[in-house]
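Pasting query.cif here (mmCIF, N, CA and C atoms):
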data_run
#
loop_
_atom_site.label_atom_id
_atom_site.label_comp_id
_atom_site.auth_asym_id
_atom_site.auth_seq_id
_atom_site.Cartn_x
_atom_site.Cartn_y
_atom_site.Cartn_z
N MET A 287 -16.41 -5.82 1.95
CA MET A 287 -15.30 -5.27 2.67
C MET A 287 -15.86 -4.59 3.91
N GLN A 288 -15.36 -4.96 5.07
CA GLN A 288 -15.79 -4.38 6.33
C GLN A 288 -14.74 -3.38 6.83
N VAL A 289 -15.20 -2.27 7.39
CA VAL A 289 -14.32 -1.22 7.87
C VAL A 289 -14.49 -1.09 9.38
N PHE A 290 -13.34 -1.07 10.09
CA PHE A 290 -13.33 -0.92 11.54
C PHE A 290 -12.38 0.21 11.91
N ASP A 291 -12.59 0.83 13.07
CA ASP A 291 -11.63 1.84 13.53
C ASP A 291 -10.50 1.15 14.28
N ASN A 292 -9.58 1.93 14.84
CA ASN A 292 -8.40 1.36 15.52
C ASN A 292 -8.75 0.55 16.76
N ASP A 293 -9.94 0.76 17.31
CA ASP A 293 -10.39 0.00 18.48
C ASP A 293 -11.29 -1.16 18.09
N LEU A 294 -11.32 -1.49 16.81
CA LEU A 294 -12.12 -2.58 16.24
C LEU A 294 -13.62 -2.37 16.38
N ASN A 295 -14.02 -1.11 16.38
CA ASN A 295 -15.45 -0.79 16.34
C ASN A 295 -15.87 -0.75 14.87
N PHE A 296 -16.96 -1.44 14.57
CA PHE A 296 -17.46 -1.50 13.20
C PHE A 296 -17.86 -0.11 12.72
N LYS A 297 -17.46 0.24 11.49
CA LYS A 297 -17.79 1.55 10.92
C LYS A 297 -18.66 1.45 9.66
N ALA A 298 -18.35 0.53 8.74
CA ALA A 298 -19.08 0.50 7.48
C ALA A 298 -18.83 -0.81 6.73
N ILE A 299 -19.65 -1.04 5.72
CA ILE A 299 -19.45 -2.13 4.77
C ILE A 299 -19.44 -1.50 3.38
N TYR A 300 -18.43 -1.83 2.59
CA TYR A 300 -18.37 -1.41 1.19
C TYR A 300 -18.63 -2.68 0.38
N ASP A 301 -19.84 -2.80 -0.14
CA ASP A 301 -20.24 -4.05 -0.78
C ASP A 301 -20.42 -3.95 -2.29
N LYS A 302 -19.84 -2.95 -2.91
CA LYS A 302 -19.96 -2.78 -4.37
C LYS A 302 -18.64 -3.06 -5.09
N VAL A 303 -17.72 -3.79 -4.44
CA VAL A 303 -16.39 -4.00 -5.03
C VAL A 303 -16.09 -5.48 -5.31
N GLY A 304 -17.11 -6.32 -5.37
CA GLY A 304 -16.91 -7.72 -5.72
C GLY A 304 -16.16 -8.49 -4.65
N ASN A 305 -15.13 -9.23 -5.08
CA ASN A 305 -14.31 -10.06 -4.20
C ASN A 305 -12.98 -9.37 -3.95
N PRO A 306 -12.87 -8.58 -2.89
CA PRO A 306 -11.65 -7.77 -2.67
C PRO A 306 -10.48 -8.60 -2.16
N TRP A 307 -9.63 -9.03 -3.08
CA TRP A 307 -8.47 -9.83 -2.68
C TRP A 307 -7.28 -8.98 -2.28
N ALA A 308 -7.17 -7.78 -2.85
CA ALA A 308 -6.05 -6.90 -2.53
C ALA A 308 -6.60 -5.52 -2.22
N VAL A 309 -6.00 -4.88 -1.21
CA VAL A 309 -6.43 -3.56 -0.77
C VAL A 309 -5.18 -2.72 -0.54
N CYS A 310 -5.23 -1.45 -0.95
CA CYS A 310 -4.11 -0.54 -0.71
C CYS A 310 -4.66 0.85 -0.46
N ILE A 311 -4.12 1.54 0.55
CA ILE A 311 -4.46 2.93 0.82
C ILE A 311 -3.24 3.77 0.52
N SER A 312 -3.41 4.74 -0.37
CA SER A 312 -2.28 5.58 -0.77
C SER A 312 -1.91 6.55 0.34
N PRO A 313 -0.65 6.98 0.38
CA PRO A 313 -0.21 7.96 1.38
C PRO A 313 -0.60 9.38 0.94
N GLY A 314 -0.27 10.34 1.77
CA GLY A 314 -0.46 11.73 1.40
C GLY A 314 -1.66 12.38 2.04
N PRO A 315 -1.82 13.66 1.79
CA PRO A 315 -2.92 14.41 2.40
C PRO A 315 -4.29 13.97 1.89
N HIS A 316 -4.39 13.55 0.63
CA HIS A 316 -5.64 13.01 0.09
C HIS A 316 -5.41 11.55 -0.25
N GLN A 317 -5.86 10.67 0.62
CA GLN A 317 -5.64 9.25 0.45
C GLN A 317 -6.74 8.63 -0.40
N TYR A 318 -6.37 7.57 -1.14
CA TYR A 318 -7.32 6.81 -1.93
C TYR A 318 -7.25 5.35 -1.51
N LEU A 319 -8.33 4.65 -1.69
CA LEU A 319 -8.42 3.22 -1.43
C LEU A 319 -8.50 2.51 -2.78
N PHE A 320 -7.58 1.57 -3.02
CA PHE A 320 -7.60 0.76 -4.23
C PHE A 320 -7.97 -0.67 -3.83
N VAL A 321 -8.89 -1.26 -4.57
CA VAL A 321 -9.39 -2.60 -4.24
C VAL A 321 -9.46 -3.42 -5.53
N SER A 322 -8.96 -4.67 -5.47
CA SER A 322 -9.08 -5.55 -6.63
C SER A 322 -10.31 -6.44 -6.46
N ASN A 323 -10.99 -6.67 -7.55
CA ASN A 323 -12.11 -7.62 -7.59
C ASN A 323 -11.57 -8.84 -8.34
N SER A 324 -11.22 -9.88 -7.61
CA SER A 324 -10.55 -11.02 -8.23
C SER A 324 -11.27 -12.32 -7.95
N LEU A 325 -11.08 -13.25 -8.85
CA LEU A 325 -11.60 -14.60 -8.73
C LEU A 325 -10.55 -15.54 -9.29
N PRO A 326 -10.16 -16.57 -8.56
CA PRO A 326 -9.14 -17.48 -9.10
C PRO A 326 -9.63 -18.19 -10.35
N ASP A 327 -8.69 -18.63 -11.18
CA ASP A 327 -9.03 -19.33 -12.42
C ASP A 327 -9.93 -20.53 -12.18
N ASN A 328 -9.80 -21.17 -11.03
CA ASN A 328 -10.63 -22.34 -10.74
C ASN A 328 -11.91 -21.95 -10.01
N GLY A 329 -12.23 -20.64 -9.98
CA GLY A 329 -13.45 -20.18 -9.33
C GLY A 329 -14.68 -20.48 -10.18
N LEU A 330 -15.83 -20.11 -9.68
CA LEU A 330 -17.09 -20.38 -10.37
C LEU A 330 -17.16 -19.59 -11.68
N ALA A 331 -17.42 -20.29 -12.76
CA ALA A 331 -17.41 -19.69 -14.10
C ALA A 331 -18.41 -18.55 -14.25
N GLN A 332 -19.55 -18.62 -13.58
CA GLN A 332 -20.56 -17.58 -13.76
C GLN A 332 -20.11 -16.23 -13.22
N PHE A 333 -19.06 -16.20 -12.41
CA PHE A 333 -18.55 -14.94 -11.87
C PHE A 333 -17.33 -14.42 -12.63
N ARG A 334 -16.80 -15.19 -13.56
CA ARG A 334 -15.57 -14.82 -14.25
C ARG A 334 -15.72 -13.52 -15.05
N ASP A 335 -16.91 -13.27 -15.61
CA ASP A 335 -17.11 -12.07 -16.43
C ASP A 335 -17.34 -10.82 -15.60
N ILE A 336 -17.51 -10.95 -14.30
CA ILE A 336 -17.74 -9.77 -13.46
C ILE A 336 -16.59 -9.58 -12.48
N THR A 337 -15.41 -10.04 -12.85
CA THR A 337 -14.22 -9.85 -12.02
C THR A 337 -13.13 -9.20 -12.85
N GLY A 338 -12.00 -8.96 -12.22
CA GLY A 338 -10.85 -8.43 -12.93
C GLY A 338 -10.70 -6.93 -12.83
N GLU A 339 -11.67 -6.26 -12.21
CA GLU A 339 -11.57 -4.81 -12.10
C GLU A 339 -10.71 -4.40 -10.92
N ILE A 340 -10.19 -3.19 -11.01
CA ILE A 340 -9.57 -2.53 -9.87
C ILE A 340 -10.34 -1.24 -9.65
N TYR A 341 -10.77 -1.03 -8.42
CA TYR A 341 -11.57 0.14 -8.07
C TYR A 341 -10.68 1.18 -7.39
N LYS A 342 -10.90 2.44 -7.72
CA LYS A 342 -10.28 3.56 -7.01
C LYS A 342 -11.41 4.24 -6.24
N MET A 343 -11.20 4.39 -4.92
CA MET A 343 -12.27 4.87 -4.06
C MET A 343 -11.78 5.95 -3.11
N GLU A 344 -12.71 6.74 -2.64
CA GLU A 344 -12.44 7.62 -1.50
C GLU A 344 -12.47 6.74 -0.26
N LEU A 345 -11.90 7.21 0.83
CA LEU A 345 -11.88 6.41 2.05
C LEU A 345 -13.27 6.20 2.65
N ASP A 346 -14.25 7.01 2.25
CA ASP A 346 -15.61 6.82 2.75
C ASP A 346 -16.37 5.77 1.95
N GLY A 347 -15.73 5.13 0.96
CA GLY A 347 -16.35 4.08 0.17
C GLY A 347 -16.90 4.53 -1.16
N THR A 348 -16.85 5.82 -1.45
CA THR A 348 -17.32 6.33 -2.74
C THR A 348 -16.40 5.84 -3.86
N ILE A 349 -16.97 5.18 -4.84
CA ILE A 349 -16.19 4.69 -5.97
C ILE A 349 -15.97 5.84 -6.95
N ILE A 350 -14.70 6.17 -7.19
CA ILE A 350 -14.33 7.24 -8.12
C ILE A 350 -14.27 6.70 -9.54
N GLY A 351 -13.78 5.48 -9.66
CA GLY A 351 -13.66 4.87 -10.97
C GLY A 351 -13.19 3.44 -10.86
N LYS A 352 -13.20 2.75 -11.98
CA LYS A 352 -12.69 1.38 -12.03
C LYS A 352 -12.12 1.14 -13.41
N PHE A 353 -11.24 0.15 -13.51
CA PHE A 353 -10.64 -0.20 -14.79
C PHE A 353 -10.28 -1.67 -14.77
N GLY A 354 -10.05 -2.21 -15.95
CA GLY A 354 -9.64 -3.61 -16.08
C GLY A 354 -10.81 -4.54 -16.30
N LYS A 355 -10.46 -5.76 -16.67
CA LYS A 355 -11.42 -6.85 -16.82
C LYS A 355 -10.66 -8.15 -16.64
N ALA A 356 -11.38 -9.24 -16.49
CA ALA A 356 -10.74 -10.54 -16.28
C ALA A 356 -9.98 -10.97 -17.52
N GLY A 357 -8.81 -11.55 -17.33
CA GLY A 357 -8.02 -12.08 -18.43
C GLY A 357 -6.54 -12.02 -18.13
N LYS A 358 -5.75 -12.44 -19.11
CA LYS A 358 -4.30 -12.49 -18.93
C LYS A 358 -3.54 -11.67 -19.97
N GLN A 359 -4.26 -10.81 -20.67
CA GLN A 359 -3.63 -9.91 -21.64
C GLN A 359 -3.32 -8.59 -20.93
N LEU A 360 -2.66 -7.66 -21.64
CA LEU A 360 -2.41 -6.34 -21.08
C LEU A 360 -3.74 -5.66 -20.76
N LYS A 361 -3.78 -4.94 -19.66
CA LYS A 361 -4.97 -4.24 -19.15
C LYS A 361 -6.04 -5.18 -18.65
N GLU A 362 -5.73 -6.47 -18.54
CA GLU A 362 -6.63 -7.46 -17.96
C GLU A 362 -5.96 -8.00 -16.71
N PHE A 363 -6.77 -8.51 -15.78
CA PHE A 363 -6.22 -8.96 -14.51
C PHE A 363 -6.75 -10.34 -14.14
N SER A 364 -5.84 -11.15 -13.63
CA SER A 364 -6.17 -12.51 -13.22
C SER A 364 -5.70 -12.72 -11.79
N THR A 365 -6.62 -12.71 -10.88
CA THR A 365 -6.36 -12.93 -9.45
C THR A 365 -5.30 -11.98 -8.90
N VAL A 366 -5.64 -10.71 -8.85
CA VAL A 366 -4.76 -9.69 -8.26
C VAL A 366 -4.62 -10.00 -6.78
N HIS A 367 -3.38 -10.14 -6.34
CA HIS A 367 -3.14 -10.52 -4.94
C HIS A 367 -2.39 -9.42 -4.18
N GLU A 368 -1.95 -8.39 -4.89
CA GLU A 368 -1.25 -7.28 -4.23
C GLU A 368 -1.31 -6.05 -5.12
N ILE A 369 -1.49 -4.89 -4.47
CA ILE A 369 -1.46 -3.61 -5.16
C ILE A 369 -0.52 -2.70 -4.39
N ASP A 370 0.44 -2.11 -5.09
CA ASP A 370 1.32 -1.10 -4.50
C ASP A 370 0.82 0.25 -5.01
N CYS A 371 0.38 1.11 -4.09
CA CYS A 371 -0.19 2.41 -4.49
C CYS A 371 0.52 3.56 -3.80
N ARG A 372 1.84 3.43 -3.61
CA ARG A 372 2.59 4.53 -3.00
C ARG A 372 2.41 5.82 -3.77
N ASN A 373 2.29 5.71 -5.08
CA ASN A 373 1.93 6.84 -5.93
C ASN A 373 0.53 6.52 -6.46
N PRO A 374 -0.50 7.27 -6.08
CA PRO A 374 -1.87 6.91 -6.47
C PRO A 374 -2.15 7.02 -7.96
N ASN A 375 -1.21 7.55 -8.74
CA ASN A 375 -1.36 7.60 -10.19
C ASN A 375 -0.47 6.60 -10.91
N GLU A 376 0.27 5.79 -10.14
CA GLU A 376 1.15 4.77 -10.71
C GLU A 376 1.09 3.54 -9.81
N LEU A 377 0.35 2.53 -10.24
CA LEU A 377 0.15 1.33 -9.43
C LEU A 377 1.01 0.19 -9.94
N LEU A 378 1.44 -0.66 -9.02
CA LEU A 378 2.04 -1.95 -9.37
C LEU A 378 1.05 -3.00 -8.92
N VAL A 379 0.61 -3.83 -9.84
CA VAL A 379 -0.44 -4.80 -9.58
C VAL A 379 0.12 -6.20 -9.81
N ALA A 380 0.15 -7.02 -8.76
CA ALA A 380 0.72 -8.37 -8.84
C ALA A 380 -0.40 -9.40 -8.93
N GLU A 381 -0.26 -10.33 -9.88
CA GLU A 381 -1.25 -11.37 -10.10
C GLU A 381 -0.64 -12.74 -9.84
N ILE A 382 -1.34 -13.55 -9.06
CA ILE A 382 -0.75 -14.84 -8.71
C ILE A 382 -1.00 -15.92 -9.74
N THR A 383 -2.08 -15.85 -10.52
CA THR A 383 -2.29 -16.91 -11.51
C THR A 383 -1.66 -16.58 -12.85
N ALA A 384 -1.40 -15.31 -13.12
CA ALA A 384 -0.73 -14.93 -14.36
C ALA A 384 0.79 -14.81 -14.16
N TRP A 385 1.25 -14.93 -12.93
CA TRP A 385 2.67 -14.87 -12.59
C TRP A 385 3.33 -13.61 -13.15
N ARG A 386 2.75 -12.45 -12.84
CA ARG A 386 3.32 -11.22 -13.37
C ARG A 386 2.95 -10.03 -12.48
N VAL A 387 3.63 -8.92 -12.78
CA VAL A 387 3.32 -7.63 -12.18
C VAL A 387 3.10 -6.66 -13.33
N GLN A 388 2.02 -5.92 -13.27
CA GLN A 388 1.76 -4.89 -14.28
C GLN A 388 1.91 -3.52 -13.64
N LYS A 389 2.55 -2.61 -14.37
CA LYS A 389 2.65 -1.23 -13.93
C LYS A 389 1.52 -0.47 -14.63
N ILE A 390 0.66 0.14 -13.84
CA ILE A 390 -0.49 0.85 -14.36
C ILE A 390 -0.30 2.34 -14.10
N ILE A 391 -0.36 3.14 -15.13
CA ILE A 391 -0.27 4.60 -14.98
C ILE A 391 -1.66 5.17 -15.20
N LEU A 392 -2.20 5.78 -14.14
CA LEU A 392 -3.53 6.37 -14.21
C LEU A 392 -3.41 7.83 -14.62
N ARG A 393 -4.33 8.25 -15.41
CA ARG A 393 -4.42 9.65 -15.84
C ARG A 393 -5.76 10.19 -15.38
N PRO A 394 -5.83 10.74 -14.17
CA PRO A 394 -7.12 11.23 -13.67
C PRO A 394 -7.77 12.21 -14.63
N GLY A 395 -9.06 11.99 -14.87
CA GLY A 395 -9.80 12.86 -15.76
C GLY A 395 -9.76 12.43 -17.22
N ASP A 396 -8.87 11.50 -17.60
CA ASP A 396 -8.76 11.04 -18.98
C ASP A 396 -9.68 9.84 -19.17
N ARG A 397 -10.81 10.04 -19.78
CA ARG A 397 -11.79 8.97 -19.99
C ARG A 397 -11.50 8.16 -21.26
N SER A 398 -10.53 8.58 -22.07
CA SER A 398 -10.26 7.89 -23.33
C SER A 398 -9.42 6.63 -23.12
N ALA A 399 -8.66 6.54 -22.03
CA ALA A 399 -7.80 5.38 -21.78
C ALA A 399 -8.61 4.29 -21.09
N LYS A 400 -9.00 3.27 -21.82
CA LYS A 400 -9.80 2.20 -21.24
C LYS A 400 -9.08 0.89 -21.36
#

Show me, as structure tokens, the structure contained in the file I just sent.
Amino acid sequence: MQVFDNDLNFKAIYDKVGNPWAVCISPGPHQYLFVSNSLPDNGLAQFRDITGEIYKMELDGTIIGKFGKAGKQLKEFSTVHEIDCRNPNELLVAEITAWRVQKIILRPGDRSAK
């Protein structure tokens, strides 16, 4: 993921988020960056086990946390193509190969929900 300012000057590369198919920046005084790591079903099989996550990040690229794994069951993700993060603790995640939208409720600080 490459980051540019409003004048298209290069600022940074965030290269720890896999294949970022969907990106969302939450509103508010403390904004977060949400990024999906997705691979289509017809993608290379050796990468299938390292996709499916959604990363929550600070705008400077610091990864705060991640959740999910590849698949088509609940809490699994298959080719996330859109993330709605108007509320940074309640995401709507749309998947194009699973033909669905999942509502994800995040509980910051709760490490038991995996």

Practice problem: Can you check which residues of chain A DSSP gives as strand (DSSP E or B) on the backbone and send them as a count of residues only? | Solution: 51

Practice problem: Name every residue that the PyMOL selection byres (((chain A and resi 364 and name CA) around 9) and name CA) selects in this structure, writing the answer as a ChimeraX atom specification with chains first and numbers rising. | Solution: /A:324-327,337-338,355-358,362-363,365-366,381-384

Quiz item: Using only N, CA and C atoms, which residue out of A:Lys297, A:Val309, A:Gln288, A:Ile350 lies closest to Cys371 in chain A?
Solution: A:Val309

Quiz item: Taking the file as shown, what set of residues would the PyMOL selection byres ((chain A and resi 387-391) around 6.5) give back, as a list in words?
Solution: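 With the shown file as input, the PyMOL selection byres ((chain A and resi 387-391) around 6.5) matches Asn375, Glu376, Leu377, Leu378, Val379, Ala380, Glu381, Trp385, Arg386, Leu392 and Arg393 of chain A.
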
Exercise. Starting from the shown file, work through the PyMOL selection byres (((chain A and resi 340 and name CA) around 7) and name CA) and note down what comes out as an NGL selection string.
Key: :A and (320-323 or 338-339 or 341-342 or 352-354)

Contacts of Tyr318 in chain A within 7 Å, only C-alpha atoms, excl. fewer than 6 positions in-chain, as a short mmCIF file (atom, residue, chain, number, x, y, z; two decimals) with N, CA and C atoms, in the coordinates of the input:
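Generated file (part-v8.cif):
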data_model
loop_
_atom_site.label_atom_id
_atom_site.label_comp_id
_atom_site.auth_asym_id
_atom_site.auth_seq_id
_atom_site.Cartn_x
_atom_site.Cartn_y
_atom_site.Cartn_z
N ILE A 311 -4.12 1.54 0.55
CA ILE A 311 -4.46 2.93 0.82
C ILE A 311 -3.24 3.77 0.52
N SER A 312 -3.41 4.74 -0.37
CA SER A 312 -2.28 5.58 -0.77
C SER A 312 -1.91 6.55 0.34
N LYS A 342 -10.90 2.44 -7.72
CA LYS A 342 -10.28 3.56 -7.01
C LYS A 342 -11.41 4.24 -6.24
N MET A 343 -11.20 4.39 -4.92
CA MET A 343 -12.27 4.87 -4.06
C MET A 343 -11.78 5.95 -3.11
N GLU A 344 -12.71 6.74 -2.64
CA GLU A 344 -12.44 7.62 -1.50
C GLU A 344 -12.47 6.74 -0.26
N LEU A 345 -11.90 7.21 0.83
CA LEU A 345 -11.88 6.41 2.05
C LEU A 345 -13.27 6.20 2.65
#

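In this structure, atom N of Met287 in chain A sits 16.1 Å away from atom C of Gly351 in chain A.
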
Self-check item: Using all atoms listed in the file: which of A:Asp301, A:Asp293, A:Gly314, A:Ala308 has the shortest distance to Arg372 in chain A
Solution: A:Gly314

Self-check item: DSSP-assigned helix (DSSP H, G or I) members of chain A, reported as a list in words
Solution: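 Helix (DSSP H, G or I) members of chain A, listed: Ala331, Gln332, Phe333, Arg334, Asp335 and Ile336 of chain A.
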
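Between atom C of Asp346 in chain A and atom N of Tyr300 in chain A there is a distance of 7.9 Å.
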